[in-house]
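Shown next, in C-alpha cells, is the structure this report addresses.
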Amino acid sequence: MFTITVLFLCFLAAISCKIKKVKAPLITGLIWYFHLAMCVFSVLCLILLFSGYGFKGTHTERVFYTLYAGSGVILYGLTQQEVSGKWVYLCAFYGFPFVLLFGLLLPPLRTLTVIAGLGLLSDGEVKRYPIDDDYSLQSTSVDIIYRYPTYSLVQDKYWFFEKISGDVVKPAGRLQALKMEKSGQDSIHLYMNLVNEPGRASRFDTTISLIQ
C-alpha cells in the first residue's frame with residue numbers, strides 16, 4: 001500500500017497547488033533537487049536489476065521509484081504551464097492515472113491495464129527466510145499476476161547491495177511451512193509443505209546451490 005498511498009497523496013497535493021495557483025520558487029527548487037536525486041537512484045536501480053543485483057531491503061527499489069514519480073507529480077502542480085520539454089516531462093507523471101483510467105474504459109485494453117496497474121502500483125507480499133549471515137530465500141507474491149509465489153536466492157554483497165538470483169525453485173503451490181538444512185558450504189536442502197488450489201496438501205523437496 002506504500003506506493004498507492006504516496007502517489008495518491010502527491011496527486012492530491014498537485015491538484016491543490018494547481019487550484020490555488022501556488023507559487024513557491026524555493027520549495028519548487030528543493031523538490032527539483034530531490035526529484036533529480038531520486039531519478040539517479042532509480043536509474044541505478046535499473047542498472048543493478050539488469051545485472052542481477054539490488055539495494056539491500058525487500059522494497060528499497062520500489063521506494064526510490066515511488067518517490068521519484070511522486071515528486072514529479074508534485075512538481076507538475078508547482079510548475080507554471082508552458083510549452084516546453086520540462087512541462088511535457090512532468091505531464092507524463094501527472095497523466096499516468098488518466099492513462100490507466102482510459103485503458104479501463106476500453107474493453108480490449110482492460111485486462112492489460114489491470115495487470116500493468118497491479119504490477120506497477122502493488123507492493124506485493126515479500127518474505128525472507130534467513131539461511132545464514134550471507135544468504136536468504138525470498139518469496140514474492142503478487143495476486144492475479146503470479147499464480148504462485150516466486151522464489152529468489154538473496155546474497156549479501158558489498159555493504160549496501162545484494163545479489164538476487166530469481167526462480168531458484170518453482171513449487172506449484174502456496175507455501176505453508178518451510179524447513180532448510182545446509183548441505184556442506186555451497187548448497188542447501190529445502191523441505192516445503194504446500195497447499196494447492198483444490199485445497200490438497202503436497203510436499204516439495206529439493207537441493208539448491210548457494211553459488212549462482
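Chain labels follow the order of the C-alpha cells: the first chain is A, the next B, and so on; residue numbering restarts at 1 in every chain, and ligands are counted from 1 in their shown order.
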Polymer residues at most 7 Å from segment 18-33 of chain A, only C-alpha atoms, same-chain spacing of 2 or more positions, as a list in words: Ala14, Ile15, Ser16, His35, Leu36, Ala37, Ser71, Leu75, Gly77 and Leu78 of chain A
Would you mind exporting C-alpha atoms of the selected residues as a PDB file, in the first residue's frame?
```pdb
ATOM      1  CA  ALA A  14      -0.611  18.611  -7.108  1.00  0.00           C
ATOM      2  CA  ILE A  15      -4.328  19.270  -7.672  1.00  0.00           C
ATOM      3  CA  SER A  16      -4.427  21.555  -4.625  1.00  0.00           C
ATOM      4  CA  HIS A  35      13.438  14.614  -7.771  1.00  0.00           C
ATOM      5  CA  LEU A  36      16.747  14.531  -9.665  1.00  0.00           C
ATOM      6  CA  ALA A  37      18.395  12.620  -6.796  1.00  0.00           C
ATOM      7  CA  SER A  71       7.960  14.214  -6.569  1.00  0.00           C
ATOM      8  CA  LEU A  75       6.373  19.412  -9.400  1.00  0.00           C
ATOM      9  CA  GLY A  77       1.341  21.157  -9.566  1.00  0.00           C
ATOM     10  CA  LEU A  78       4.003  23.724  -8.648  1.00  0.00           C
TER      11      LEU A  78
END
```
Output as a count of residues only all residues of segment 78-189 of chain A that backbone DSSP marks as helix (DSSP H, G or I). 36
Residues within 10 Å of Val126 of chain A, please, as a VMD selection string. Count only C-alpha atoms; anything in the same chain fewer than 2 positions from it doesn't count. chain A and resid 58 to 59 123 to 124 128 138 to 142 149 to 151
Near segment 160-166 of chain A, counting only C-alpha atoms, which residues have an atom at most 10 Å away, once you skip same-chain residues fewer than 6 positions from it, shown as an MDAnalysis selection string? chainID A and resid 48:49 51:57 134:139 150:154 210:212
Go ahead and save the picked residues with C-alpha atoms, as a PDB file, in the first residue's frame.
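The resulting file, out_11.pdb, is shown below:
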```pdb
ATOM      1  CA  LEU A  48      21.598  -3.132 -10.890  1.00  0.00           C
ATOM      2  CA  LEU A  49      18.402  -5.022 -11.779  1.00  0.00           C
ATOM      3  CA  SER A  51      22.973  -7.056 -13.575  1.00  0.00           C
ATOM      4  CA  GLY A  52      21.173  -9.278 -11.054  1.00  0.00           C
ATOM      5  CA  TYR A  53      21.859  -7.000  -8.094  1.00  0.00           C
ATOM      6  CA  GLY A  54      19.857  -4.574  -5.967  1.00  0.00           C
ATOM      7  CA  PHE A  55      19.946  -2.388  -2.892  1.00  0.00           C
ATOM      8  CA  LYS A  56      19.527  -4.131   0.437  1.00  0.00           C
ATOM      9  CA  GLY A  57      15.934  -4.498   1.606  1.00  0.00           C
ATOM     10  CA  ASP A 134      25.081 -14.102   3.927  1.00  0.00           C
ATOM     11  CA  TYR A 135      22.157 -15.891   2.263  1.00  0.00           C
ATOM     12  CA  SER A 136      18.373 -15.905   2.497  1.00  0.00           C
ATOM     13  CA  LEU A 137      15.483 -17.303   0.495  1.00  0.00           C
ATOM     14  CA  GLN A 138      12.949 -14.721  -0.664  1.00  0.00           C
ATOM     15  CA  SER A 139       9.368 -15.406  -1.721  1.00  0.00           C
ATOM     16  CA  THR A 150       8.219 -16.889  -6.930  1.00  0.00           C
ATOM     17  CA  TYR A 151      11.411 -17.707  -5.050  1.00  0.00           C
ATOM     18  CA  SER A 152      14.792 -15.989  -5.241  1.00  0.00           C
ATOM     19  CA  LEU A 153      18.131 -16.546  -3.563  1.00  0.00           C
ATOM     20  CA  VAL A 154      19.470 -13.349  -1.975  1.00  0.00           C
ATOM     21  CA  LEU A 210      24.245 -21.276  -2.986  1.00  0.00           C
ATOM     22  CA  ILE A 211      26.711 -20.379  -5.732  1.00  0.00           C
ATOM     23  CA  GLN A 212      24.588 -18.905  -8.526  1.00  0.00           C
TER      24      GLN A 212
END
```
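Counting only C-alpha atoms, the residue from A:Glu61, A:Asp133, A:Asp205, A:Asp156 that sits nearest to Glu181 of chain A is A:Asp205.
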Run DSSP on the backbone and give me the residues of chain A it puts in strand (DSSP E or B), as number ranges by chain. A: 53-55, 125-130, 135-141, 150-157, 161-166, 174-182, 187-195, 201-209
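Comparing the minimum interatomic distances between Tyr68 of chain A and each of A:Lys86, A:Ser122, A:Asn196, A:Phe34, counting only C-alpha atoms, we find that A:Phe34 sits nearest.
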